[in-house]
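Undergrad: The structure that follows is given in the form of structure tokens.
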Amino acid sequence: MRTRTLLWWSAVVLPATVAVVCAAFAVLAGSWWAALPAIAATTVAAGGAWRLRRRALAQPPSWLPSAFLVAGGQTLLGVIPGLGLALSSTSGGIAQALAGSLFVAALACAVASCVLAHRANRSLTTPVVPELGATGVTLALAVRFALATPDLASARLDVEADRLTWSARLHRGRGAGPRAEHVVRFADLRDVVLTTLPPRPTPLTWLHLPDGTALHAPPGPAVLVRTTSGDWMIPVHDALLVRNLVLTRRDRWARGATTR
């Protein structure tokens, strides 16, 4: 219930409030073409809510990026142009002060929508428990890895409705760095086996990125994903939890496959 409330405010209430603020800018400007930024802000809000309902409702990791895109789109297409039109069309100090206050309120709503989207994700998926495997929610789990270079990298394991996806990427400046991923569909999954990686004199390579960067698997817990095409090792923090999540999710997928 808490997750639903947070998501409702993030995806519907706050973007709608920003659209209302843009409409208020149009009223202050007093011209029909000043309504264009309000229309743009409303369209962005409606598009974000539609995408969440149709595609992203079961993907909590996408809630924050979606909220950020909606907030950014409304700010660039609605709030900033609407403020400019309102200020250029008014000369009184009270009207301009009101426009400034509305601008601050719109920015506060945009920031709050992103914060609430993040909190909604965490309220649903933190802590991760095996029972979440019986739902259709995409779960993003951290993966253990080490780099021999000082690059900034990230890696994760996504437990989706019908597959496993593990991926890693480098973060370089403002652009997207090299990325690698591997997908195993539940139709090809045979078992998930617990294992422990022992200390080694040389690092054990887990994944290679397209530019040749190697991600190493440190000693510690891991799972061995056995598929029809081979075995894949994934270093994780809690191997038993990952195994239970994946097998529970696979059983859920199998029940759905047999009823279709």
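Ligands are numbered from 1 in the order shown, chains are lettered A, B, ... in the order of the structure tokens, and residues start at 1 in each chain.
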Could you write out, as a compact mmCIF listing (two decimals) with N, CA and C atoms, in the first residue's frame, all the residues of region 121-155 of chain A that DSSP marks as helix (DSSP H, G or I)?
TA:
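File written: states.txt
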# COMPACT_ATOMS: atom_id res chain seq x y z
N ASN A 121 10.47 2.44 -5.05
CA ASN A 121 11.27 1.27 -5.43
C ASN A 121 11.86 0.59 -4.20
N ARG A 122 12.43 1.37 -3.31
CA ARG A 122 13.05 0.80 -2.11
C ARG A 122 12.02 0.20 -1.16
N SER A 123 10.85 0.79 -1.07
CA SER A 123 9.84 0.25 -0.16
C SER A 123 9.34 -1.11 -0.62
N LEU A 124 9.42 -1.36 -1.94
CA LEU A 124 8.95 -2.63 -2.47
C LEU A 124 10.04 -3.69 -2.48
N THR A 125 11.26 -3.29 -2.75
CA THR A 125 12.33 -4.27 -2.99
C THR A 125 13.41 -4.29 -1.91
N PRO A 130 12.83 -13.88 -0.43
CA PRO A 130 12.49 -14.90 -1.43
C PRO A 130 11.06 -14.81 -1.93
N GLU A 131 10.13 -14.31 -1.09
CA GLU A 131 8.73 -14.24 -1.50
C GLU A 131 8.52 -13.32 -2.71
N LEU A 132 9.44 -12.37 -2.92
CA LEU A 132 9.32 -11.50 -4.09
C LEU A 132 9.46 -12.27 -5.39
N GLY A 133 10.05 -13.45 -5.33
CA GLY A 133 10.16 -14.27 -6.52
C GLY A 133 8.81 -14.73 -7.03
N ALA A 134 7.80 -14.78 -6.16
CA ALA A 134 6.47 -15.21 -6.58
C ALA A 134 5.67 -14.10 -7.24
Undergrad: Let me make sure I understand: among A:Asp211, A:Glu160, A:Asp191, A:Glu181, which one has the smallest atom-to-atom distance to Arg226 (chain A) if we use only C-alpha atoms?
TA: A:Asp191
Undergrad: Excluding same-chain residues fewer than 6 positions from Ser62 (chain A), what lies within 12 Å of it counting only C-alpha atoms, as a compact mmCIF listing (two decimals) with all heavy atoms, in the first residue's frame?
TA:
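Writing the result to out_21.txt gives the following:
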# COMPACT_ATOMS: atom_id res chain seq x y z
N LEU A 7 4.13 5.79 -5.44
CA LEU A 7 4.19 5.78 -6.90
C LEU A 7 3.08 6.65 -7.49
O LEU A 7 3.28 7.33 -8.50
CB LEU A 7 4.07 4.34 -7.40
CG LEU A 7 4.47 4.07 -8.85
CD1 LEU A 7 5.91 4.50 -9.09
CD2 LEU A 7 4.30 2.60 -9.18
N GLY A 48 3.97 9.94 -19.39
CA GLY A 48 4.68 9.21 -18.34
C GLY A 48 3.77 8.29 -17.56
O GLY A 48 4.13 7.14 -17.25
N ARG A 51 2.89 5.26 -19.81
CA ARG A 51 3.99 4.30 -19.93
C ARG A 51 4.14 3.49 -18.65
O ARG A 51 4.40 2.27 -18.69
CB ARG A 51 5.30 5.02 -20.23
CG ARG A 51 6.48 4.08 -20.40
CD ARG A 51 7.79 4.81 -20.56
NE ARG A 51 8.87 3.87 -20.73
CZ ARG A 51 9.47 3.23 -19.73
NH1 ARG A 51 9.06 3.44 -18.50
NH2 ARG A 51 10.45 2.38 -19.97
N LEU A 52 4.00 4.15 -17.50
CA LEU A 52 4.11 3.43 -16.24
C LEU A 52 3.04 2.37 -16.12
O LEU A 52 3.32 1.23 -15.73
CB LEU A 52 4.01 4.42 -15.07
CG LEU A 52 4.04 3.80 -13.67
CD1 LEU A 52 5.42 3.22 -13.39
CD2 LEU A 52 3.67 4.83 -12.62
N ARG A 55 3.69 -0.41 -19.24
CA ARG A 55 4.95 -1.12 -19.45
C ARG A 55 5.84 -1.22 -18.22
O ARG A 55 6.57 -2.20 -18.07
CB ARG A 55 5.74 -0.43 -20.57
CG ARG A 55 5.02 -0.39 -21.91
CD ARG A 55 5.89 0.24 -22.97
NE ARG A 55 5.21 0.31 -24.26
CZ ARG A 55 5.76 0.81 -25.36
NH1 ARG A 55 7.00 1.27 -25.33
NH2 ARG A 55 5.08 0.83 -26.49
N ALA A 56 5.85 -0.21 -17.36
CA ALA A 56 6.88 -0.13 -16.32
C ALA A 56 6.37 -0.42 -14.91
O ALA A 56 7.14 -0.33 -13.97
CB ALA A 56 7.54 1.25 -16.34
N PHE A 68 12.49 10.92 -13.64
CA PHE A 68 13.47 11.94 -14.03
C PHE A 68 13.18 12.47 -15.44
O PHE A 68 13.27 13.69 -15.69
CB PHE A 68 14.88 11.35 -13.96
CG PHE A 68 15.97 12.33 -14.30
CD1 PHE A 68 16.40 13.26 -13.37
CD2 PHE A 68 16.54 12.32 -15.56
CE1 PHE A 68 17.40 14.17 -13.69
CE2 PHE A 68 17.54 13.21 -15.89
CZ PHE A 68 17.97 14.15 -14.95
N LEU A 69 12.84 11.58 -16.36
CA LEU A 69 12.53 12.01 -17.72
C LEU A 69 11.28 12.89 -17.76
O LEU A 69 11.24 13.91 -18.48
CB LEU A 69 12.34 10.80 -18.62
CG LEU A 69 13.61 10.02 -18.99
CD1 LEU A 69 13.25 8.78 -19.82
CD2 LEU A 69 14.58 10.90 -19.76
N CYS A 114 10.92 12.61 -8.26
CA CYS A 114 12.06 11.69 -8.38
C CYS A 114 12.37 11.03 -7.04
O CYS A 114 12.65 9.82 -6.97
CB CYS A 114 13.28 12.43 -8.91
SG CYS A 114 13.10 13.09 -10.58
N ALA A 117 9.74 8.40 -6.34
CA ALA A 117 9.92 7.21 -7.19
C ALA A 117 11.01 6.32 -6.63
O ALA A 117 10.88 5.08 -6.61
CB ALA A 117 10.26 7.64 -8.62
N HIS A 118 12.10 6.93 -6.17
CA HIS A 118 13.18 6.14 -5.55
C HIS A 118 12.70 5.46 -4.28
O HIS A 118 12.99 4.28 -4.05
CB HIS A 118 14.36 7.07 -5.25
CG HIS A 118 15.48 6.41 -4.52
ND1 HIS A 118 16.28 5.43 -5.09
CD2 HIS A 118 15.94 6.56 -3.26
CE1 HIS A 118 17.18 5.03 -4.22
NE2 HIS A 118 16.99 5.69 -3.10
N ALA A 120 9.63 4.63 -3.55
CA ALA A 120 8.68 3.58 -3.90
C ALA A 120 9.40 2.30 -4.28
O ALA A 120 9.01 1.19 -3.88
CB ALA A 120 7.78 4.05 -5.05
N ASN A 121 10.47 2.44 -5.05
CA ASN A 121 11.27 1.27 -5.43
C ASN A 121 11.86 0.59 -4.20
O ASN A 121 11.76 -0.64 -4.05
CB ASN A 121 12.38 1.72 -6.38
CG ASN A 121 13.28 0.57 -6.81
OD1 ASN A 121 12.92 -0.60 -6.68
ND2 ASN A 121 14.46 0.88 -7.30
N VAL A 137 7.42 -8.73 -10.40
CA VAL A 137 8.21 -7.51 -10.32
C VAL A 137 9.66 -7.80 -10.69
O VAL A 137 10.26 -8.77 -10.20
CB VAL A 137 8.13 -6.92 -8.90
CG1 VAL A 137 9.08 -5.74 -8.75
CG2 VAL A 137 6.71 -6.49 -8.59
N THR A 138 10.25 -6.97 -11.53
CA THR A 138 11.66 -7.10 -11.88
C THR A 138 12.51 -6.71 -10.67
O THR A 138 12.34 -5.63 -10.10
CB THR A 138 12.03 -6.21 -13.07
OG1 THR A 138 11.30 -6.64 -14.21
CG2 THR A 138 13.52 -6.29 -13.38
N LEU A 139 13.43 -7.59 -10.28
CA LEU A 139 14.29 -7.36 -9.13
C LEU A 139 15.72 -7.15 -9.61
O LEU A 139 16.25 -7.96 -10.37
CB LEU A 139 14.23 -8.55 -8.17
CG LEU A 139 12.84 -8.90 -7.63
CD1 LEU A 139 12.88 -10.20 -6.84
CD2 LEU A 139 12.30 -7.77 -6.77
N ALA A 140 16.34 -6.08 -9.17
CA ALA A 140 17.74 -5.78 -9.53
C ALA A 140 18.62 -6.10 -8.33
O ALA A 140 18.47 -5.49 -7.26
CB ALA A 140 17.88 -4.31 -9.93
N ASP A 158 19.39 -8.91 -12.99
CA ASP A 158 17.96 -8.63 -13.02
C ASP A 158 17.19 -9.94 -13.10
O ASP A 158 17.40 -10.75 -14.02
CB ASP A 158 17.60 -7.77 -14.23
CG ASP A 158 18.10 -6.34 -14.09
OD1 ASP A 158 18.28 -5.90 -12.95
OD2 ASP A 158 18.32 -5.69 -15.12
Undergrad: Find, counting only C-alpha atoms, the residue in A:Trp253, A:Phe186, A:Phe25, A:Phe145 that gets nearest to Thr205 (chain A).
TA: A:Phe145
Undergrad: Please list as a PyMOL selection string every residue within 8 Å of region 235-248 of chain A, counting only C-alpha atoms and excluding residues in the same chain fewer than 3 positions away.
TA: chain A and resi 129-134+142-145+159+191-195+217-218+220-223+251-252
Undergrad: Can those selected residues be exported to a file as an mmCIF file, in the first residue's frame so that it contains N, CA, C and O atoms?
TA:
data_model
loop_
_atom_site.group_PDB
_atom_site.id
_atom_site.type_symbol
_atom_site.label_atom_id
_atom_site.label_comp_id
_atom_site.auth_asym_id
_atom_site.auth_seq_id
_atom_site.Cartn_x
_atom_site.Cartn_y
_atom_site.Cartn_z
ATOM 1 N N VAL A 129 13.459 -10.317 -0.339
ATOM 2 C CA VAL A 129 13.113 -11.572 0.339
ATOM 3 C C VAL A 129 12.693 -12.584 -0.725
ATOM 4 O O VAL A 129 12.251 -12.213 -1.823
ATOM 5 N N PRO A 130 12.833 -13.883 -0.432
ATOM 6 C CA PRO A 130 12.492 -14.902 -1.433
ATOM 7 C C PRO A 130 11.057 -14.813 -1.934
ATOM 8 O O PRO A 130 10.771 -15.171 -3.080
ATOM 9 N N GLU A 131 10.132 -14.312 -1.091
ATOM 10 C CA GLU A 131 8.731 -14.239 -1.501
ATOM 11 C C GLU A 131 8.519 -13.321 -2.708
ATOM 12 O O GLU A 131 7.532 -13.463 -3.429
ATOM 13 N N LEU A 132 9.441 -12.374 -2.925
ATOM 14 C CA LEU A 132 9.317 -11.504 -4.086
ATOM 15 C C LEU A 132 9.460 -12.273 -5.392
ATOM 16 O O LEU A 132 9.053 -11.789 -6.447
ATOM 17 N N GLY A 133 10.048 -13.452 -5.326
ATOM 18 C CA GLY A 133 10.160 -14.272 -6.524
ATOM 19 C C GLY A 133 8.812 -14.729 -7.033
ATOM 20 O O GLY A 133 8.667 -15.039 -8.225
ATOM 21 N N ALA A 134 7.799 -14.776 -6.164
ATOM 22 C CA ALA A 134 6.467 -15.212 -6.577
ATOM 23 C C ALA A 134 5.671 -14.100 -7.237
ATOM 24 O O ALA A 134 4.524 -14.304 -7.628
ATOM 25 N N ALA A 142 22.549 -6.733 -6.670
ATOM 26 C CA ALA A 142 23.953 -6.344 -6.841
ATOM 27 C C ALA A 142 24.822 -7.568 -7.104
ATOM 28 O O ALA A 142 24.550 -8.661 -6.603
ATOM 29 N N VAL A 143 25.846 -7.374 -7.897
ATOM 30 C CA VAL A 143 26.813 -8.423 -8.223
ATOM 31 C C VAL A 143 28.180 -8.012 -7.690
ATOM 32 O O VAL A 143 28.566 -6.847 -7.786
ATOM 33 N N ARG A 144 28.906 -8.979 -7.121
ATOM 34 C CA ARG A 144 30.250 -8.692 -6.626
ATOM 35 C C ARG A 144 31.238 -8.739 -7.796
ATOM 36 O O ARG A 144 31.211 -9.664 -8.603
ATOM 37 N N PHE A 145 32.118 -7.759 -7.862
ATOM 38 C CA PHE A 145 33.145 -7.783 -8.905
ATOM 39 C C PHE A 145 34.293 -6.873 -8.493
ATOM 40 O O PHE A 145 34.174 -6.066 -7.567
ATOM 41 N N VAL A 159 16.307 -10.151 -12.130
ATOM 42 C CA VAL A 159 15.407 -11.302 -12.140
ATOM 43 C C VAL A 159 14.082 -10.798 -12.696
ATOM 44 O O VAL A 159 13.318 -10.112 -12.007
ATOM 45 N N ASP A 191 18.955 -25.313 -13.599
ATOM 46 C CA ASP A 191 19.089 -25.270 -12.137
ATOM 47 C C ASP A 191 19.977 -24.090 -11.763
ATOM 48 O O ASP A 191 20.681 -23.513 -12.609
ATOM 49 N N VAL A 192 19.923 -23.737 -10.489
ATOM 50 C CA VAL A 192 20.815 -22.735 -9.918
ATOM 51 C C VAL A 192 21.492 -23.379 -8.712
ATOM 52 O O VAL A 192 20.813 -23.813 -7.774
ATOM 53 N N VAL A 193 22.810 -23.463 -8.749
ATOM 54 C CA VAL A 193 23.580 -24.197 -7.745
ATOM 55 C C VAL A 193 24.419 -23.222 -6.921
ATOM 56 O O VAL A 193 25.036 -22.294 -7.472
ATOM 57 N N LEU A 194 24.422 -23.437 -5.617
ATOM 58 C CA LEU A 194 25.256 -22.616 -4.732
ATOM 59 C C LEU A 194 26.717 -23.032 -4.858
ATOM 60 O O LEU A 194 27.035 -24.217 -4.988
ATOM 61 N N THR A 195 27.595 -22.053 -4.790
ATOM 62 C CA THR A 195 29.019 -22.348 -4.823
ATOM 63 C C THR A 195 29.768 -21.245 -4.083
ATOM 64 O O THR A 195 29.216 -20.171 -3.817
ATOM 65 N N ALA A 217 35.900 -11.839 -10.515
ATOM 66 C CA ALA A 217 35.033 -12.343 -9.445
ATOM 67 C C ALA A 217 35.873 -12.555 -8.195
ATOM 68 O O ALA A 217 36.740 -13.431 -8.177
ATOM 69 N N PRO A 218 35.657 -11.774 -7.135
ATOM 70 C CA PRO A 218 36.418 -11.959 -5.903
ATOM 71 C C PRO A 218 36.029 -13.257 -5.198
ATOM 72 O O PRO A 218 34.956 -13.816 -5.452
ATOM 73 N N GLY A 220 34.408 -15.671 -2.580
ATOM 74 C CA GLY A 220 33.186 -15.494 -1.818
ATOM 75 C C GLY A 220 32.028 -16.225 -2.446
ATOM 76 O O GLY A 220 32.197 -17.059 -3.349
ATOM 77 N N PRO A 221 30.791 -15.920 -2.016
ATOM 78 C CA PRO A 221 29.620 -16.645 -2.509
ATOM 79 C C PRO A 221 29.333 -16.348 -3.975
ATOM 80 O O PRO A 221 29.602 -15.254 -4.485
ATOM 81 N N ALA A 222 28.772 -17.339 -4.642
ATOM 82 C CA ALA A 222 28.386 -17.209 -6.048
ATOM 83 C C ALA A 222 27.322 -18.248 -6.351
ATOM 84 O O ALA A 222 27.075 -19.167 -5.553
ATOM 85 N N VAL A 223 26.685 -18.090 -7.497
ATOM 86 C CA VAL A 223 25.734 -19.087 -7.970
ATOM 87 C C VAL A 223 26.184 -19.558 -9.345
ATOM 88 O O VAL A 223 26.775 -18.806 -10.122
ATOM 89 N N ASP A 251 9.427 -21.101 -11.237
ATOM 90 C CA ASP A 251 8.219 -21.886 -11.001
ATOM 91 C C ASP A 251 6.970 -21.075 -11.339
ATOM 92 O O ASP A 251 6.004 -21.607 -11.901
ATOM 93 N N ARG A 252 6.995 -19.782 -11.007
ATOM 94 C CA ARG A 252 5.866 -18.920 -11.349
ATOM 95 C C ARG A 252 5.704 -18.828 -12.863
ATOM 96 O O ARG A 252 4.587 -18.901 -13.383
#
Undergrad: Identify, with DSSP run on backbone atoms, the residues in region 137-253 of chain A assigned to strand (DSSP E or B), and express the list as a ChimeraX atom specification.
TA: /A:139-143,146-147,152-159,163-172,175-185,189-197,204-208,214-217,220-227,230-236
Undergrad: Go ahead and compute the interatomic distance for CA of Arg4 (chain A) and CA of Leu116 (chain A), in Å to one decimal.
TA: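 Computing the Euclidean distance for CA of Arg4 (chain A) and CA of Leu116 (chain A) yields 10.7 Å.
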Undergrad: Of the candidates A:Val184, A:Ala71, A:Ala16, A:Ala86, which one gets nearest to Val111 (chain A) if we count only C-alpha atoms?
TA: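 Answer, going by the shortest atom-to-atom distance: A:Ala71.
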Undergrad: Pick from A:Met233, A:Val27, A:Ala45, A:Leu36: nearest to Ala67 (chain A), with only C-alpha atoms counted?
TA: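 Under the stated criterion, the closest residue is A:Ala45.
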Undergrad: For Leu207 (chain A), work out the shell of residues within 12 Å, counting only C-alpha atoms and skipping chain neighbours fewer than 5 positions away, then give it as a list in words.
TA: Val143, Arg144, Phe145, Ala146, Leu147, Ser154, Ala155, Arg156, Trp166, Ser167, Ala168, Arg169, Arg179, Ala180, Glu181, His182, Gly212, Thr213, Ala214, Leu215, His216, Ala217, Trp232, Met233, Ile234 and Pro235 of chain A
Undergrad: Can those selected residues be exported to a file as a PDB file, in the first residue's frame so that it contains C-alpha atoms?
TA:
ATOM      1  CA  VAL A 143      26.813  -8.423  -8.223  1.00  0.00           C
ATOM      2  CA  ARG A 144      30.250  -8.692  -6.626  1.00  0.00           C
ATOM      3  CA  PHE A 145      33.145  -7.783  -8.905  1.00  0.00           C
ATOM      4  CA  ALA A 146      36.578  -6.194  -8.946  1.00  0.00           C
ATOM      5  CA  LEU A 147      38.513  -4.207 -11.541  1.00  0.00           C
ATOM      6  CA  SER A 154      28.556  -1.122 -12.210  1.00  0.00           C
ATOM      7  CA  ALA A 155      27.056  -4.581 -12.516  1.00  0.00           C
ATOM      8  CA  ARG A 156      23.760  -6.158 -11.575  1.00  0.00           C
ATOM      9  CA  TRP A 166      23.187  -9.939 -15.816  1.00  0.00           C
ATOM     10  CA  SER A 167      25.005  -6.926 -17.129  1.00  0.00           C
ATOM     11  CA  ALA A 168      27.961  -4.642 -16.490  1.00  0.00           C
ATOM     12  CA  ARG A 169      29.099  -1.325 -17.878  1.00  0.00           C
ATOM     13  CA  ARG A 179      28.357  -2.460 -21.774  1.00  0.00           C
ATOM     14  CA  ALA A 180      27.974  -6.226 -21.799  1.00  0.00           C
ATOM     15  CA  GLU A 181      25.030  -8.394 -20.818  1.00  0.00           C
ATOM     16  CA  HIS A 182      23.912 -11.982 -20.943  1.00  0.00           C
ATOM     17  CA  GLY A 212      38.472  -5.612 -23.411  1.00  0.00           C
ATOM     18  CA  THR A 213      38.033  -4.557 -19.779  1.00  0.00           C
ATOM     19  CA  ALA A 214      37.795  -7.612 -17.527  1.00  0.00           C
ATOM     20  CA  LEU A 215      35.566  -7.774 -14.460  1.00  0.00           C
ATOM     21  CA  HIS A 216      36.980 -10.205 -11.916  1.00  0.00           C
ATOM     22  CA  ALA A 217      35.033 -12.343  -9.445  1.00  0.00           C
ATOM     23  CA  TRP A 232      27.402 -19.539 -16.047  1.00  0.00           C
ATOM     24  CA  MET A 233      28.897 -18.301 -12.794  1.00  0.00           C
ATOM     25  CA  ILE A 234      27.648 -15.112 -11.120  1.00  0.00           C
ATOM     26  CA  PRO A 235      29.378 -13.761  -7.972  1.00  0.00           C
TER      27      PRO A 235
END
Undergrad: Distance CA of Arg185 (chain A)-CA of Trp63 (chain A), one decimal place?
TA: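 Computing the Euclidean distance for CA of Arg185 (chain A) and CA of Trp63 (chain A) yields 23.7 Å.
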Undergrad: CA of Val70 (chain A) and CA of Val20 (chain A) are how many Å apart?
TA: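 Between these atoms lies a distance of 14.8 Å.
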Undergrad: Choose the residue, out of A:Leu170, A:Leu224, A:Thr149, A:Leu85, that has the smallest atom-to-atom separation from Ala29 (chain A); count only C-alpha atoms.
TA: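 Result for the nearest residue to Ala29 (chain A): A:Leu85.
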